[in-house]
Amino acid sequence: MRRPFIAGNWKMHKAPVEADALAESLKRALSEMTAADIAVAPTFLAIPAVVGRLRHSNIGVASQNVAVEAQGAFTGEISAEMLKAAGVQYAIVGHSERRQLFGDTDAVVSKKVQACFRAGLSAILCVGETLPEREAGQVEDVVARQLSAGLADLSADQVSTVTIAYEPVWAIGTGKVATPTQANDVHAYIRSWLGRYPSFVARNVRIQYGGSVKGSNAAGLLSQPEIDGALVGGAALSVEDFTAIVKAAT
Ligand code: PEP
């Protein structure tokens, strides 16, 4: 059985003092919920405070992005190695906001996944189609392209440790959630795509759903057989909502 995995993406919210306070509230609220893996992704600036606050808790810390390179003349970038040294465990890679607003192409995403492995961070690889792509019947083509680029050059053992987040772009931050069946269908496709590797890979890879997940809709999504967790944006900033989502997963 795959262990559920709920991650909260705080995006560009919460300065360090506020992030520390939110981490403290979540630490208290979630301390008994040990049947799922839980992580939060603060801004880079708040990572030291949140790592410190969540040390000795059941909540891990993720970054929202990583640089391709380990170090050097790359103004404004932060490497996977630096994040690892700061106590980060996971990195979100290929989020649709990075792909759409910051030029993260499939090739860049692939290099960022490689950077995670180089540094020992667990990658959360985001994939998902836009509304026009869905309407044109291209969901599987788009997801397959993103998977094959994002997982390129990894061994089967490595792929088996990646978390895939299926995040239909039209459902992110819009309040338009995929129905449990719509989401489960794409998750099932992703798992069948993973069938090109030895069978333990498809069995082990956790596939999160992301896109307007809230306390009120989490149970329906998380009860689907192929949905192993959630990547949560807006609702991750609410202790009540995020707690309800973790509860629904366990
Ligand atoms: C996200 O940013 O990964 C996300 C799923 O956002 P939201 O939950 O706000 O749709």
# chains A, B, ... in the order shown; residues from 1 in each chain; ligands from 1
>>> residues_near_ligand(ligand="ligand 1", cutoff="6 Å", atoms="only C-alpha atoms and all ligand atoms", output="ChimeraX atom specification")
/A:9,171-173,210-213,231-234
>>> write_last_selection(atoms="C-alpha atoms", output="compact mmCIF listing (two decimals), in the first residue's frame")
# COMPACT_ATOMS: atom_id res chain seq x y z
CA ASN A 9 2.33 24.85 -1.51
CA ALA A 171 -8.24 23.68 -11.72
CA ILE A 172 -5.35 25.54 -10.05
CA GLY A 173 -6.46 28.49 -7.99
CA GLY A 210 -3.74 19.17 -7.17
CA GLY A 211 -6.23 21.83 -8.17
CA SER A 212 -8.61 23.58 -5.78
CA VAL A 213 -8.49 20.81 -3.18
CA LEU A 231 -0.78 18.99 -3.60
CA VAL A 232 -2.71 21.84 -2.04
CA GLY A 233 -2.33 25.55 -2.82
CA GLY A 234 -4.80 28.06 -1.39
>>> select_by_dssp(residues="stretch 40-219 of chain A", states="strand (DSSP E)", output="count of residues only")
26
>>> closest_atom_pairs(of="stretch 121-233 of chain A", to="stretch 95-113 of chain A", cutoff="10 Å", atoms="only C-alpha atoms", output="CSV")
residue,atom,partner,partner_atom,distance
A:Leu121,CA,A:Val113,CA,9.1
A:Ser122,CA,A:Val113,CA,8.9
A:Ala123,CA,A:Val113,CA,6.3
A:Ile124,CA,A:Val113,CA,8.6
A:Leu125,CA,A:His95,CA,7.5
A:Cys126,CA,A:His95,CA,5.2
A:Val127,CA,A:His95,CA,7.4
A:Gly128,CA,A:Ser96,CA,7.7
A:Glu129,CA,A:Ser96,CA,9.1
A:Thr130,CA,A:Ser96,CA,9.3
A:Arg145,CA,A:Asp106,CA,8.2
A:Gln146,CA,A:Asp106,CA,6.3
A:Leu147,CA,A:Asp106,CA,9.0
A:Ser148,CA,A:Ser110,CA,9.0
A:Ala149,CA,A:Asp106,CA,5.7
A:Gly150,CA,A:Ser110,CA,4.3
A:Leu151,CA,A:Ser110,CA,6.6
A:Ala152,CA,A:Ser110,CA,6.6
A:Asp153,CA,A:Ser110,CA,8.7
A:Leu154,CA,A:Val113,CA,9.2
A:Val162,CA,A:Val113,CA,9.1
A:Ala165,CA,A:His95,CA,8.9
A:Tyr166,CA,A:His95,CA,9.9
A:Glu167,CA,A:Ser96,CA,7.9
A:Pro168,CA,A:Ser96,CA,8.7
A:Val169,CA,A:Ser96,CA,6.5
A:Ile172,CA,A:Ser96,CA,8.6
>>> write_last_selection(atoms="N, CA, C and O atoms", output="compact mmCIF listing (two decimals), in the first residue's frame")
# COMPACT_ATOMS: atom_id res chain seq x y z
N LEU A 121 17.31 15.46 -2.76
CA LEU A 121 15.95 15.93 -2.44
C LEU A 121 14.95 15.01 -3.13
O LEU A 121 15.21 14.52 -4.22
N SER A 122 13.78 14.81 -2.53
CA SER A 122 12.73 14.02 -3.17
C SER A 122 11.92 14.94 -4.09
O SER A 122 11.36 15.93 -3.62
N ALA A 123 11.84 14.58 -5.34
CA ALA A 123 11.15 15.45 -6.31
C ALA A 123 9.65 15.19 -6.32
O ALA A 123 9.20 14.04 -6.26
N ILE A 124 8.91 16.29 -6.38
CA ILE A 124 7.47 16.23 -6.65
C ILE A 124 7.30 16.85 -8.03
O ILE A 124 7.42 18.06 -8.20
N LEU A 125 7.08 16.01 -9.02
CA LEU A 125 7.04 16.46 -10.42
C LEU A 125 5.59 16.76 -10.81
O LEU A 125 4.74 15.86 -10.79
N CYS A 126 5.33 18.02 -11.16
CA CYS A 126 3.96 18.42 -11.52
C CYS A 126 3.73 18.27 -13.02
O CYS A 126 4.57 18.69 -13.82
N VAL A 127 2.60 17.71 -13.36
CA VAL A 127 2.18 17.59 -14.76
C VAL A 127 0.71 17.96 -14.83
O VAL A 127 -0.01 17.91 -13.83
N GLY A 128 0.25 18.32 -16.01
CA GLY A 128 -1.18 18.61 -16.15
C GLY A 128 -1.45 19.47 -17.36
O GLY A 128 -0.59 20.22 -17.82
N GLU A 129 -2.67 19.35 -17.86
CA GLU A 129 -3.05 20.01 -19.11
C GLU A 129 -3.79 21.31 -18.86
O GLU A 129 -4.39 21.50 -17.81
N THR A 130 -3.75 22.20 -19.85
CA THR A 130 -4.55 23.42 -19.80
C THR A 130 -5.97 23.09 -20.27
O THR A 130 -6.23 22.00 -20.80
N ARG A 145 3.96 13.55 -22.46
CA ARG A 145 5.14 14.35 -22.85
C ARG A 145 5.86 14.88 -21.61
O ARG A 145 7.08 14.82 -21.49
N GLN A 146 5.07 15.38 -20.66
CA GLN A 146 5.68 15.95 -19.45
C GLN A 146 6.35 14.87 -18.60
O GLN A 146 7.41 15.10 -18.01
N LEU A 147 5.73 13.70 -18.55
CA LEU A 147 6.33 12.59 -17.78
C LEU A 147 7.62 12.14 -18.45
O LEU A 147 8.64 11.94 -17.79
N SER A 148 7.56 11.98 -19.77
CA SER A 148 8.74 11.41 -20.41
C SER A 148 9.90 12.38 -20.36
O SER A 148 11.05 11.96 -20.16
N ALA A 149 9.63 13.69 -20.41
CA ALA A 149 10.72 14.66 -20.24
C ALA A 149 11.17 14.71 -18.78
O ALA A 149 12.36 14.65 -18.49
N GLY A 150 10.23 14.82 -17.88
CA GLY A 150 10.57 15.01 -16.46
C GLY A 150 11.32 13.83 -15.86
O GLY A 150 12.14 14.01 -14.96
N LEU A 151 11.04 12.64 -16.36
CA LEU A 151 11.65 11.45 -15.78
C LEU A 151 12.80 10.93 -16.64
O LEU A 151 13.36 9.86 -16.36
N ALA A 152 13.18 11.69 -17.67
CA ALA A 152 14.23 11.24 -18.60
C ALA A 152 15.52 10.97 -17.85
O ALA A 152 15.86 11.67 -16.89
N ASP A 153 16.22 9.94 -18.28
CA ASP A 153 17.56 9.60 -17.77
C ASP A 153 17.56 9.14 -16.31
O ASP A 153 18.61 9.11 -15.68
N LEU A 154 16.41 8.83 -15.75
CA LEU A 154 16.39 8.29 -14.38
C LEU A 154 16.31 6.77 -14.45
O LEU A 154 15.68 6.21 -15.35
N VAL A 162 9.99 9.13 -7.07
CA VAL A 162 9.43 10.44 -7.43
C VAL A 162 7.94 10.46 -7.09
O VAL A 162 7.24 9.45 -7.25
N ALA A 165 2.64 14.88 -9.26
CA ALA A 165 1.43 15.65 -8.90
C ALA A 165 0.69 15.94 -10.19
O ALA A 165 1.19 16.66 -11.05
N TYR A 166 -0.49 15.33 -10.34
CA TYR A 166 -1.33 15.65 -11.49
C TYR A 166 -2.14 16.89 -11.14
O TYR A 166 -3.00 16.85 -10.26
N GLU A 167 -1.83 17.98 -11.84
CA GLU A 167 -2.49 19.25 -11.55
C GLU A 167 -3.04 19.84 -12.85
O GLU A 167 -2.31 20.53 -13.58
N PRO A 168 -4.31 19.58 -13.16
CA PRO A 168 -4.88 20.21 -14.35
C PRO A 168 -4.82 21.73 -14.18
O PRO A 168 -5.28 22.25 -13.16
N VAL A 169 -4.24 22.40 -15.14
CA VAL A 169 -3.96 23.83 -14.98
C VAL A 169 -5.26 24.61 -14.77
O VAL A 169 -5.31 25.57 -14.00
N ILE A 172 -6.26 24.96 -11.06
CA ILE A 172 -5.35 25.54 -10.05
C ILE A 172 -5.76 26.96 -9.72
O ILE A 172 -5.78 27.83 -10.59
>>> closest_residue(among="A:Ala119, A:Lys176, A:Arg28, A:Val51", to="A:Gln71", atoms="only C-alpha atoms")
A:Ala119
>>> residues_around(residues="A:Asp157", least_positions_apart="2", cutoff="12 Å", atoms="only C-alpha atoms", output="PyMOL selection string")
chain A and resi 117+151+153-155+159-162+197-205
